[in-house]
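Source file: model.pdb. Holds: PDB, C-alpha atoms, pLDDT in the B column.
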ATOM      1  CA  MET A   1      90.455 123.737 116.737  1.00 85.00           C
ATOM      2  CA  PHE A   2      87.313 121.627 117.067  1.00 90.00           C
ATOM      3  CA  TRP A   3      88.846 118.596 115.374  1.00 92.00           C
ATOM      4  CA  LYS A   4      91.939 118.686 117.623  1.00 93.00           C
ATOM      5  CA  PHE A   5      89.903 119.090 120.800  1.00 94.00           C
ATOM      6  CA  TYR A   6      87.415 116.400 119.870  1.00 95.00           C
ATOM      7  CA  GLY A   7      90.174 114.037 118.695  1.00 94.00           C
ATOM      8  CA  VAL A   8      92.031 114.331 122.016  1.00 95.00           C
ATOM      9  CA  TRP A   9      88.779 113.887 123.963  1.00 96.00           C
ATOM     10  CA  THR A  10      87.932 110.739 121.990  1.00 96.00           C
ATOM     11  CA  LEU A  11      91.435 109.283 122.396  1.00 95.00           C
ATOM     12  CA  LEU A  12      91.313 109.829 126.156  1.00 96.00           C
ATOM     13  CA  VAL A  13      87.921 108.131 126.406  1.00 95.00           C
ATOM     14  CA  LEU A  14      89.027 105.180 124.254  1.00 95.00           C
ATOM     15  CA  GLY A  15      92.278 104.842 126.166  1.00 93.00           C
ATOM     16  CA  GLN A  16      90.405 104.689 129.469  1.00 92.00           C
ATOM     17  CA  SER A  17      87.987 102.101 128.086  1.00 92.00           C
ATOM     18  CA  PHE A  18      90.635  99.806 126.600  1.00 92.00           C
ATOM     19  CA  SER A  19      92.790 100.007 129.728  1.00 91.00           C
ATOM     20  CA  PHE A  20      89.784  99.083 131.888  1.00 85.00           C
ATOM     21  CA  HIS A  21      88.296  96.288 129.741  1.00 86.00           C
ATOM     22  CA  GLY A  22      91.339  95.078 127.826  1.00 89.00           C
ATOM     23  CA  PHE A  23      91.428  94.593 124.075  1.00 86.00           C
ATOM     24  CA  SER A  24      89.934  91.080 124.114  1.00 86.00           C
ATOM     25  CA  ALA A  25      86.692  91.969 125.926  1.00 92.00           C
ATOM     26  CA  PRO A  26      83.576  91.735 123.705  1.00 93.00           C
ATOM     27  CA  GLU A  27      82.858  95.466 124.071  1.00 93.00           C
ATOM     28  CA  SER A  28      86.441  96.291 123.078  1.00 94.00           C
ATOM     29  CA  VAL A  29      86.201  94.006 120.037  1.00 95.00           C
ATOM     30  CA  THR A  30      83.061  95.841 118.952  1.00 96.00           C
ATOM     31  CA  ARG A  31      84.722  99.215 119.482  1.00 96.00           C
ATOM     32  CA  LEU A  32      87.801  98.224 117.457  1.00 96.00           C
ATOM     33  CA  LEU A  33      85.602  97.010 114.598  1.00 97.00           C
ATOM     34  CA  VAL A  34      83.683 100.304 114.615  1.00 97.00           C
ATOM     35  CA  LEU A  35      86.960 102.273 114.576  1.00 96.00           C
ATOM     36  CA  ILE A  36      88.296 100.250 111.648  1.00 97.00           C
ATOM     37  CA  PHE A  37      85.002 100.689 109.782  1.00 97.00           C
ATOM     38  CA  LEU A  38      84.994 104.457 110.304  1.00 97.00           C
ATOM     39  CA  ALA A  39      88.675 104.870 109.461  1.00 96.00           C
ATOM     40  CA  GLY A  40      88.273 102.792 106.290  1.00 96.00           C
ATOM     41  CA  GLN A  41      85.366 104.950 105.120  1.00 96.00           C
ATOM     42  CA  LEU A  42      87.265 108.184 105.782  1.00 94.00           C
ATOM     43  CA  LEU A  43      90.335 106.947 103.900  1.00 94.00           C
ATOM     44  CA  CYS A  44      88.281 105.779 100.923  1.00 91.00           C
ATOM     45  CA  HIS A  45      86.396 109.075 100.794  1.00 87.00           C
ATOM     46  CA  ARG A  46      89.641 111.034 100.967  1.00 86.00           C
ATOM     47  CA  TRP A  47      91.191 109.066  98.126  1.00 83.00           C
ATOM     48  CA  ARG A  48      88.072 108.830  95.963  1.00 81.00           C
ATOM     49  CA  PRO A  49      85.418 111.384  96.961  1.00 78.00           C
ATOM     50  CA  ARG A  50      82.029 110.209  95.769  1.00 78.00           C
ATOM     51  CA  ALA A  51      78.824 112.116  95.199  1.00 74.00           C
ATOM     52  CA  ALA A  52      75.351 110.748  95.777  1.00 71.00           C
ATOM     53  CA  ARG A  53      74.236 108.326  93.066  1.00 70.00           C
ATOM     54  CA  ALA A  54      70.549 108.642  93.917  1.00 71.00           C
ATOM     55  CA  PRO A  55      68.230 111.470  94.989  1.00 81.00           C
ATOM     56  CA  GLY A  56      69.559 113.041  98.170  1.00 90.00           C
ATOM     57  CA  TYR A  57      66.956 111.656 100.569  1.00 92.00           C
ATOM     58  CA  ALA A  58      67.179 108.094  99.296  1.00 93.00           C
ATOM     59  CA  HIS A  59      70.968 108.083  99.175  1.00 94.00           C
ATOM     60  CA  TYR A  60      71.418 109.589 102.631  1.00 96.00           C
ATOM     61  CA  VAL A  61      68.796 107.508 104.455  1.00 97.00           C
ATOM     62  CA  LEU A  62      69.535 104.181 102.756  1.00 96.00           C
ATOM     63  CA  SER A  63      73.307 104.570 102.845  1.00 96.00           C
ATOM     64  CA  SER A  64      73.307 105.608 106.506  1.00 97.00           C
ATOM     65  CA  SER A  65      70.913 102.790 107.420  1.00 98.00           C
ATOM     66  CA  ALA A  66      73.036 100.204 105.611  1.00 97.00           C
ATOM     67  CA  ARG A  67      76.114 101.357 107.517  1.00 98.00           C
ATOM     68  CA  ALA A  68      74.119 101.254 110.755  1.00 98.00           C
ATOM     69  CA  LEU A  69      73.298  97.600 110.101  1.00 97.00           C
ATOM     70  CA  VAL A  70      77.014  96.880 109.677  1.00 98.00           C
ATOM     71  CA  VAL A  71      77.623  98.423 113.096  1.00 97.00           C
ATOM     72  CA  GLU A  72      74.706  96.370 114.455  1.00 97.00           C
ATOM     73  CA  ALA A  73      76.502  93.241 113.219  1.00 96.00           C
ATOM     74  CA  PHE A  74      79.610  94.304 115.156  1.00 97.00           C
ATOM     75  CA  TYR A  75      77.459  94.452 118.281  1.00 96.00           C
ATOM     76  CA  MET A  76      76.378  90.817 117.983  1.00 96.00           C
ATOM     77  CA  VAL A  77      79.440  89.869 120.083  1.00 94.00           C
ATOM     78  CA  SER A  78      78.724  92.361 122.860  1.00 94.00           C
ATOM     79  CA  ARG A  79      75.241  93.928 122.947  1.00 94.00           C
ATOM     80  CA  PRO A  80      72.709  93.048 120.246  1.00 96.00           C
ATOM     81  CA  VAL A  81      69.253  94.563 120.314  1.00 95.00           C
ATOM     82  CA  PHE A  82      68.096  91.638 122.492  1.00 96.00           C
ATOM     83  CA  SER A  83      70.539  89.895 124.834  1.00 94.00           C
ATOM     84  CA  CYS A  84      69.216  86.475 123.814  1.00 94.00           C
ATOM     85  CA  LEU A  85      70.702  87.034 120.339  1.00 95.00           C
ATOM     86  CA  ILE A  86      74.289  87.565 121.530  1.00 95.00           C
ATOM     87  CA  TYR A  87      77.054  85.631 119.774  1.00 94.00           C
ATOM     88  CA  THR A  88      78.997  83.052 121.802  1.00 89.00           C
ATOM     89  CA  PRO A  89      82.167  81.267 120.628  1.00 87.00           C
ATOM     90  CA  ALA A  90      80.424  77.878 120.546  1.00 87.00           C
ATOM     91  CA  MET A  91      77.538  79.172 118.441  1.00 90.00           C
ATOM     92  CA  PRO A  92      77.280  77.716 114.908  1.00 93.00           C
ATOM     93  CA  VAL A  93      77.674  80.166 112.060  1.00 91.00           C
ATOM     94  CA  GLY A  94      74.117  79.459 110.905  1.00 93.00           C
ATOM     95  CA  VAL A  95      72.708  80.490 114.275  1.00 94.00           C
ATOM     96  CA  LEU A  96      74.843  83.641 114.302  1.00 93.00           C
ATOM     97  CA  LEU A  97      73.537  84.538 110.846  1.00 95.00           C
ATOM     98  CA  LYS A  98      69.938  83.889 111.903  1.00 96.00           C
ATOM     99  CA  ASN A  99      70.348  86.028 115.043  1.00 96.00           C
ATOM    100  CA  THR A 100      71.948  88.838 113.041  1.00 97.00           C
ATOM    101  CA  LEU A 101      69.092  88.843 110.522  1.00 97.00           C
ATOM    102  CA  LEU A 102      66.596  88.870 113.389  1.00 97.00           C
ATOM    103  CA  ASP A 103      68.417  91.808 114.969  1.00 97.00           C
ATOM    104  CA  TRP A 104      68.296  93.638 111.630  1.00 98.00           C
ATOM    105  CA  ALA A 105      64.577  92.935 111.236  1.00 97.00           C
ATOM    106  CA  PHE A 106      63.936  94.965 114.397  1.00 97.00           C
ATOM    107  CA  THR A 107      66.540  97.685 113.934  1.00 97.00           C
ATOM    108  CA  ALA A 108      66.371  98.433 110.184  1.00 97.00           C
ATOM    109  CA  PRO A 109      62.934 100.173 110.353  1.00 97.00           C
ATOM    110  CA  ALA A 110      64.154 102.174 113.354  1.00 97.00           C
ATOM    111  CA  TYR A 111      67.190 103.421 111.438  1.00 98.00           C
ATOM    112  CA  LEU A 112      65.054 104.378 108.459  1.00 98.00           C
ATOM    113  CA  LEU A 113      62.935 106.504 110.800  1.00 97.00           C
ATOM    114  CA  ILE A 114      65.914 108.042 112.605  1.00 97.00           C
ATOM    115  CA  PHE A 115      67.822 108.971 109.462  1.00 98.00           C
ATOM    116  CA  SER A 116      64.641 110.373 107.926  1.00 97.00           C
ATOM    117  CA  VAL A 117      64.455 112.728 110.922  1.00 97.00           C
ATOM    118  CA  CYS A 118      68.121 113.604 110.378  1.00 97.00           C
ATOM    119  CA  TRP A 119      67.370 114.376 106.733  1.00 96.00           C
ATOM    120  CA  LYS A 120      64.529 116.707 107.712  1.00 95.00           C
ATOM    121  CA  LEU A 121      66.950 118.594 109.954  1.00 95.00           C
ATOM    122  CA  LEU A 122      69.427 118.873 107.085  1.00 94.00           C
ATOM    123  CA  GLN A 123      66.671 120.386 104.947  1.00 92.00           C
ATOM    124  CA  ARG A 124      65.820 122.987 107.570  1.00 91.00           C
ATOM    125  CA  TYR A 125      69.246 123.986 108.907  1.00 91.00           C
ATOM    126  CA  ARG A 126      72.682 124.462 107.405  1.00 89.00           C
ATOM    127  CA  TYR A 127      75.408 122.607 109.309  1.00 92.00           C
ATOM    128  CA  SER A 128      79.132 122.709 108.802  1.00 91.00           C
ATOM    129  CA  PRO A 129      80.869 119.294 108.672  1.00 93.00           C
ATOM    130  CA  ALA A 130      82.155 119.813 112.223  1.00 95.00           C
ATOM    131  CA  GLU A 131      78.679 120.720 113.511  1.00 94.00           C
ATOM    132  CA  TYR A 132      77.112 117.760 111.772  1.00 96.00           C
ATOM    133  CA  PHE A 133      79.848 115.360 112.916  1.00 97.00           C
ATOM    134  CA  PHE A 134      79.317 116.299 116.549  1.00 97.00           C
ATOM    135  CA  LEU A 135      75.662 117.276 116.908  1.00 97.00           C
ATOM    136  CA  PHE A 136      74.002 114.471 114.950  1.00 98.00           C
ATOM    137  CA  SER A 137      76.085 111.698 116.504  1.00 97.00           C
ATOM    138  CA  ALA A 138      75.568 113.273 119.941  1.00 97.00           C
ATOM    139  CA  GLY A 139      71.812 113.293 119.340  1.00 96.00           C
ATOM    140  CA  GLN A 140      71.915 109.626 118.424  1.00 97.00           C
ATOM    141  CA  ALA A 141      74.111 108.781 121.411  1.00 96.00           C
ATOM    142  CA  LEU A 142      71.685 110.574 123.742  1.00 95.00           C
ATOM    143  CA  GLY A 143      68.778 108.723 122.164  1.00 94.00           C
ATOM    144  CA  ASP A 144      70.569 105.396 122.437  1.00 91.00           C
ATOM    145  CA  GLY A 145      71.579 106.023 126.053  1.00 84.00           C
ATOM    146  CA  ASN A 146      68.091 107.275 126.882  1.00 79.00           C
ATOM    147  CA  ALA A 147      67.534 107.403 130.660  1.00 75.00           C
ATOM    148  CA  PHE A 148      71.122 106.243 131.339  1.00 80.00           C
ATOM    149  CA  PHE A 149      72.575 109.710 130.757  1.00 84.00           C
ATOM    150  CA  LEU A 150      69.758 111.351 132.723  1.00 79.00           C
ATOM    151  CA  ALA A 151      70.490 109.112 135.707  1.00 80.00           C
ATOM    152  CA  ASN A 152      74.275 109.404 135.294  1.00 85.00           C
ATOM    153  CA  PRO A 153      75.013 112.855 133.823  1.00 87.00           C
ATOM    154  CA  VAL A 154      78.719 112.525 134.630  1.00 89.00           C
ATOM    155  CA  MET A 155      78.879 109.799 131.966  1.00 89.00           C
ATOM    156  CA  LEU A 156      78.391 112.510 129.348  1.00 92.00           C
ATOM    157  CA  LEU A 157      82.145 112.990 129.683  1.00 93.00           C
ATOM    158  CA  PHE A 158      82.494 109.624 127.942  1.00 94.00           C
ATOM    159  CA  ILE A 159      79.887 110.220 125.241  1.00 95.00           C
ATOM    160  CA  PRO A 160      82.425 110.141 122.337  1.00 95.00           C
ATOM    161  CA  TYR A 161      82.672 106.404 123.010  1.00 95.00           C
ATOM    162  CA  VAL A 162      79.057 105.960 121.892  1.00 95.00           C
ATOM    163  CA  MET A 163      79.134 108.703 119.265  1.00 97.00           C
ATOM    164  CA  LEU A 164      81.695 106.732 117.245  1.00 97.00           C
ATOM    165  CA  ASN A 165      78.943 104.261 116.337  1.00 96.00           C
ATOM    166  CA  TYR A 166      76.891 106.923 114.623  1.00 97.00           C
ATOM    167  CA  GLN A 167      79.778 108.783 113.044  1.00 97.00           C
ATOM    168  CA  ALA A 168      80.600 105.466 111.364  1.00 97.00           C
ATOM    169  CA  CYS A 169      76.996 105.296 110.117  1.00 96.00           C
ATOM    170  CA  GLN A 170      76.221 108.744 108.810  1.00 97.00           C
ATOM    171  CA  PHE A 171      79.199 111.053 108.337  1.00 97.00           C
ATOM    172  CA  ILE A 172      80.263 109.820 104.890  1.00 96.00           C
ATOM    173  CA  PRO A 173      76.644 109.794 103.567  1.00 96.00           C
ATOM    174  CA  TYR A 174      76.372 113.414 104.768  1.00 96.00           C
ATOM    175  CA  LEU A 175      79.526 114.374 102.867  1.00 94.00           C
ATOM    176  CA  GLU A 176      78.189 112.640  99.749  1.00 94.00           C
ATOM    177  CA  VAL A 177      74.911 114.592  99.750  1.00 93.00           C
ATOM    178  CA  ARG A 178      76.247 117.868 101.125  1.00 91.00           C
ATOM    179  CA  ALA A 179      76.281 119.537  97.693  1.00 89.00           C
ATOM    180  CA  LEU A 180      72.573 118.689  97.309  1.00 89.00           C
ATOM    181  CA  LEU A 181      71.484 120.325 100.562  1.00 90.00           C
ATOM    182  CA  PRO A 182      69.627 123.652 100.423  1.00 86.00           C
ATOM    183  CA  GLU A 183      71.621 126.802 101.092  1.00 80.00           C
ATOM    184  CA  ALA A 184      69.430 127.669 104.057  1.00 65.00           C
ATOM    185  CA  GLY A 185      70.463 130.318 106.527  1.00 62.00           C
ATOM    186  CA  ARG A 186      71.787 129.219 109.902  1.00 67.00           C
ATOM    187  CA  ARG A 187      68.675 129.702 111.955  1.00 72.00           C
ATOM    188  CA  ARG A 188      68.418 129.920 115.694  1.00 77.00           C
ATOM    189  CA  GLY A 189      68.006 126.531 117.289  1.00 82.00           C
ATOM    190  CA  ARG A 190      70.089 124.538 114.809  1.00 88.00           C
ATOM    191  CA  TRP A 191      72.362 123.282 117.596  1.00 91.00           C
ATOM    192  CA  LEU A 192      69.500 122.279 119.880  1.00 94.00           C
ATOM    193  CA  ALA A 193      67.271 120.605 117.275  1.00 95.00           C
ATOM    194  CA  PRO A 194      69.378 117.418 116.741  1.00 96.00           C
ATOM    195  CA  LEU A 195      69.831 117.004 120.501  1.00 96.00           C
ATOM    196  CA  VAL A 196      66.051 117.015 121.016  1.00 95.00           C
ATOM    197  CA  LEU A 197      64.405 115.590 117.900  1.00 96.00           C
ATOM    198  CA  ILE A 198      66.794 112.682 117.283  1.00 97.00           C
ATOM    199  CA  PRO A 199      66.430 111.352 120.870  1.00 96.00           C
ATOM    200  CA  CYS A 200      62.651 111.634 120.451  1.00 96.00           C
ATOM    201  CA  ALA A 201      62.889 109.447 117.333  1.00 96.00           C
ATOM    202  CA  TYR A 202      64.984 106.965 119.301  1.00 96.00           C
ATOM    203  CA  PHE A 203      62.432 106.898 122.106  1.00 94.00           C
ATOM    204  CA  LEU A 204      59.619 106.129 119.678  1.00 95.00           C
ATOM    205  CA  ALA A 205      61.632 103.475 117.821  1.00 96.00           C
ATOM    206  CA  GLY A 206      62.888 101.944 121.073  1.00 94.00           C
ATOM    207  CA  ALA A 207      59.377 101.683 122.503  1.00 94.00           C
ATOM    208  CA  CYS A 208      58.218  99.861 119.365  1.00 95.00           C
ATOM    209  CA  ILE A 209      61.203  97.494 119.436  1.00 96.00           C
ATOM    210  CA  ILE A 210      60.703  96.652 123.113  1.00 93.00           C
ATOM    211  CA  GLY A 211      56.982  96.124 122.630  1.00 95.00           C
ATOM    212  CA  LEU A 212      57.440  93.879 119.602  1.00 95.00           C
ATOM    213  CA  GLY A 213      60.262  92.003 121.306  1.00 94.00           C
ATOM    214  CA  ARG A 214      58.073  91.188 124.283  1.00 93.00           C
ATOM    215  CA  HIS A 215      55.298  90.109 121.939  1.00 92.00           C
ATOM    216  CA  PHE A 216      57.642  87.604 120.249  1.00 91.00           C
ATOM    217  CA  GLY A 217      59.265  86.471 123.511  1.00 90.00           C
ATOM    218  CA  LEU A 218      62.633  88.182 122.924  1.00 91.00           C
ATOM    219  CA  HIS A 219      64.513  89.852 125.743  1.00 86.00           C
TER     220      HIS A 219
END
File written out as structure tokens:
Amino acid sequence: MFWKFYGVWTLLVLGQSFSFHGFSAPESVTRLLVLIFLAGQLLCHRWRPRAARAPGYAHYVLSSSARALVVEAFYMVSRPVFSCLIYTPAMPVGVLLKNTLLDWAFTAPAYLLIFSVCWKLLQRYRYSPAEYFFLFSAGQALGDGNAFFLANPVMLLFIPYVMLNYQACQFIPYLEVRALLPEAGRRRGRWLAPLVLIPCAYFLAGACIIGLGRHFGLH
């Protein structure tokens, strides 16, 4: 039931976005790349399920962070971490590569922190795949949106649009380490914890990124 409901909700949100922006808009290009990336991972996992090849923490955090950097690269055409790094059609490939590496230099430590917090939650609570798929990506979307959702709560209706980014980052790594997670009981608060602690990690990481960006003259 959950998967059908969430799938229809996501399709409606994506349909509204593509009809409003068109498929050639930079934001739509980013969204299509994220969708292809997520779909490709799901198909590969379905055909050849793979278990973690390293200790659970290292595999989950590093694998999720690496995927997050791929998604960051998709955002170079629409909304990189600093607007001055955005890709333009006339930009030489060397400059695009330099800007992407600079973006990663700021965002990689943040993702290591965020996915470490996610791992701590996985050690404390037991989540079903559906709960993880929704709650952890929702927590990241709320953290990414920050004050935007507080100022515009009606936009929560469109939150699957943002959640796709994080589902593409961390759902497959979760499936790969799931067998290594402790068989902890489902304690009270397991639904609330990702929606509070993950945004807090985003706030801390975002404050550091903004502060360092200003220090180096990036905006």
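Minimum distance to Gly56 in chain A across A:Ile198, A:Leu122, A:Met163, A:Ala25 (counting all atoms listed in the file) occurs at A:Leu122.
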Residues selected by the PyMOL selection byres ((chain A and resi 102) around 12), written as a list in words: Leu69, Glu72, Ala73, Met76, Pro80, Val81, Phe82, Cys84, Leu85, Ile86, Val95, Leu96, Leu97, Lys98, Asn99, Thr100, Leu101, Asp103, Trp104, Ala105, Phe106, Thr107, Ala108, Ile209, Gly213, Phe216 and Leu218 of chain A
Could you tell me, as a PyMOL selection string, exactly which residues end up selected when the PyMOL selection byres ((chain A and resi 145-162) around 8) is applied to this structure? chain A and resi 9-10+13-14+138+141-144+163-166+199+203
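Residues matched by the PyMOL selection byres ((chain A and resi 120) around 12) in this structure: Gly56, Tyr57, Tyr60, Val61, Leu113, Ile114, Phe115, Ser116, Val117, Cys118, Trp119, Leu121, Leu122, Gln123, Arg124, Tyr125, Arg126, Leu181, Pro182, Arg190, Ala193, Pro194, Leu197 and Ile198 of chain A.
With only C-alpha atoms as the atoms that count, the minimum distance from Ala179 in chain A to the choices A:Leu43, A:Met1, A:Ala51, A:Ala90 is reached by A:Ala51.
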Report, as JSON, the centre and edge lengths in Å (one decimal) of the axis-aligned box enclosing every listed atom of range 173-182 of chain A, padded by 4 Å on each side.
{"center_x": 74.6, "center_y": 116.7, "center_z": 101.0, "size_x": 17.9, "size_y": 21.9, "size_z": 15.5}
Using all atoms listed in the file, which residues sit within 9 Å of Pro173 in chain A once same-chain residues fewer than 3 positions away are excluded, as a VMD selection string? chain A and resid 51 to 52 59 to 61 63 to 64 169 to 170 176 to 178
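We find CA of Val29 in chain A and CA of Val71 in chain A to be spaced 11.9 Å apart.
Using all atoms listed in the file, the nearest neighbour of Ser83 in chain A within the list A:His219, A:Gly211, A:Phe23, A:Ala130 is A:His219.
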Polymer residues at most 12 Å from range 44-46 of chain A, all atoms listed in the file, same-chain spacing of 2 or more positions, as a ChimeraX atom specification: /A:37-42,48-51,171-176
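Comparing the minimum interatomic distances between Leu35 in chain A and each of A:Phe133, A:Trp191, A:Trp3, A:Phe74, counting all atoms listed in the file, we find that A:Phe74 sits nearest.
The shortest atom-to-atom distance to Leu33 in chain A, with only C-alpha atoms taken into account, belongs to A:Ser78 out of A:Ser137, A:Ser78, A:Gln16, A:Ser65.
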Rebuild range 86-113 of chain A so that it carries N, CA and C atoms, then output the result as an mmCIF file, in the coordinates of the input.
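Just written: out_10.cif:
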data_model
loop_
_atom_site.group_PDB
_atom_site.id
_atom_site.type_symbol
_atom_site.label_atom_id
_atom_site.label_comp_id
_atom_site.auth_asym_id
_atom_site.auth_seq_id
_atom_site.Cartn_x
_atom_site.Cartn_y
_atom_site.Cartn_z
ATOM 1 N N ILE A 86 72.853 87.316 121.484
ATOM 2 C CA ILE A 86 74.289 87.565 121.530
ATOM 3 C C ILE A 86 75.088 86.370 121.006
ATOM 4 N N TYR A 87 76.178 86.676 120.322
ATOM 5 C CA TYR A 87 77.054 85.631 119.774
ATOM 6 C C TYR A 87 77.930 85.064 120.875
ATOM 7 N N THR A 88 78.072 83.736 120.909
ATOM 8 C CA THR A 88 78.997 83.052 121.802
ATOM 9 C C THR A 88 79.950 82.213 120.957
ATOM 10 N N PRO A 89 81.176 81.981 121.433
ATOM 11 C CA PRO A 89 82.167 81.267 120.628
ATOM 12 C C PRO A 89 81.708 79.897 120.145
ATOM 13 N N ALA A 90 80.868 79.216 120.931
ATOM 14 C CA ALA A 90 80.424 77.878 120.546
ATOM 15 C C ALA A 90 79.230 77.888 119.595
ATOM 16 N N MET A 91 78.738 79.056 119.266
ATOM 17 C CA MET A 91 77.538 79.172 118.441
ATOM 18 C C MET A 91 77.853 78.848 116.984
ATOM 19 N N PRO A 92 77.078 77.994 116.341
ATOM 20 C CA PRO A 92 77.280 77.716 114.908
ATOM 21 C C PRO A 92 77.084 78.965 114.063
ATOM 22 N N VAL A 93 77.760 79.006 112.937
ATOM 23 C CA VAL A 93 77.674 80.166 112.060
ATOM 24 C C VAL A 93 76.234 80.408 111.602
ATOM 25 N N GLY A 94 75.500 79.317 111.350
ATOM 26 C CA GLY A 94 74.117 79.459 110.905
ATOM 27 C C GLY A 94 73.246 80.156 111.934
ATOM 28 N N VAL A 95 73.487 79.846 113.214
ATOM 29 C CA VAL A 95 72.708 80.490 114.275
ATOM 30 C C VAL A 95 73.096 81.959 114.395
ATOM 31 N N LEU A 96 74.394 82.250 114.268
ATOM 32 C CA LEU A 96 74.843 83.641 114.302
ATOM 33 C C LEU A 96 74.198 84.437 113.174
ATOM 34 N N LEU A 97 74.153 83.856 111.979
ATOM 35 C CA LEU A 97 73.537 84.538 110.846
ATOM 36 C C LEU A 97 72.050 84.763 111.097
ATOM 37 N N LYS A 98 71.371 83.751 111.618
ATOM 38 C CA LYS A 98 69.938 83.889 111.903
ATOM 39 C C LYS A 98 69.691 84.981 112.941
ATOM 40 N N ASN A 99 70.504 85.010 113.997
ATOM 41 C CA ASN A 99 70.348 86.028 115.043
ATOM 42 C C ASN A 99 70.628 87.431 114.504
ATOM 43 N N THR A 100 71.624 87.536 113.623
ATOM 44 C CA THR A 100 71.948 88.838 113.041
ATOM 45 C C THR A 100 70.793 89.343 112.177
ATOM 46 N N LEU A 101 70.222 88.456 111.365
ATOM 47 C CA LEU A 101 69.092 88.843 110.522
ATOM 48 C C LEU A 101 67.881 89.226 111.370
ATOM 49 N N LEU A 102 67.701 88.532 112.491
ATOM 50 C CA LEU A 102 66.596 88.870 113.389
ATOM 51 C C LEU A 102 66.832 90.232 114.031
ATOM 52 N N ASP A 103 68.059 90.494 114.430
ATOM 53 C CA ASP A 103 68.417 91.808 114.969
ATOM 54 C C ASP A 103 68.114 92.895 113.935
ATOM 55 N N TRP A 104 68.523 92.657 112.696
ATOM 56 C CA TRP A 104 68.296 93.638 111.630
ATOM 57 C C TRP A 104 66.809 93.857 111.368
ATOM 58 N N ALA A 105 66.017 92.805 111.490
ATOM 59 C CA ALA A 105 64.577 92.935 111.236
ATOM 60 C C ALA A 105 63.939 93.941 112.192
ATOM 61 N N PHE A 106 64.468 94.019 113.420
ATOM 62 C CA PHE A 106 63.936 94.965 114.397
ATOM 63 C C PHE A 106 64.562 96.351 114.262
ATOM 64 N N THR A 107 65.837 96.401 113.909
ATOM 65 C CA THR A 107 66.540 97.685 113.934
ATOM 66 C C THR A 107 66.487 98.446 112.610
ATOM 67 N N ALA A 108 66.369 97.744 111.483
ATOM 68 C CA ALA A 108 66.371 98.433 110.184
ATOM 69 C C ALA A 108 65.242 99.473 110.078
ATOM 70 N N PRO A 109 63.983 99.140 110.429
ATOM 71 C CA PRO A 109 62.934 100.173 110.353
ATOM 72 C C PRO A 109 63.221 101.356 111.267
ATOM 73 N N ALA A 110 63.824 101.081 112.433
ATOM 74 C CA ALA A 110 64.154 102.174 113.354
ATOM 75 C C ALA A 110 65.172 103.119 112.728
ATOM 76 N N TYR A 111 66.182 102.564 112.058
ATOM 77 C CA TYR A 111 67.190 103.421 111.438
ATOM 78 C C TYR A 111 66.603 104.219 110.274
ATOM 79 N N LEU A 112 65.700 103.625 109.542
ATOM 80 C CA LEU A 112 65.054 104.378 108.459
ATOM 81 C C LEU A 112 64.305 105.590 109.016
ATOM 82 N N LEU A 113 63.634 105.398 110.149
ATOM 83 C CA LEU A 113 62.935 106.504 110.800
ATOM 84 C C LEU A 113 63.924 107.558 111.293
#
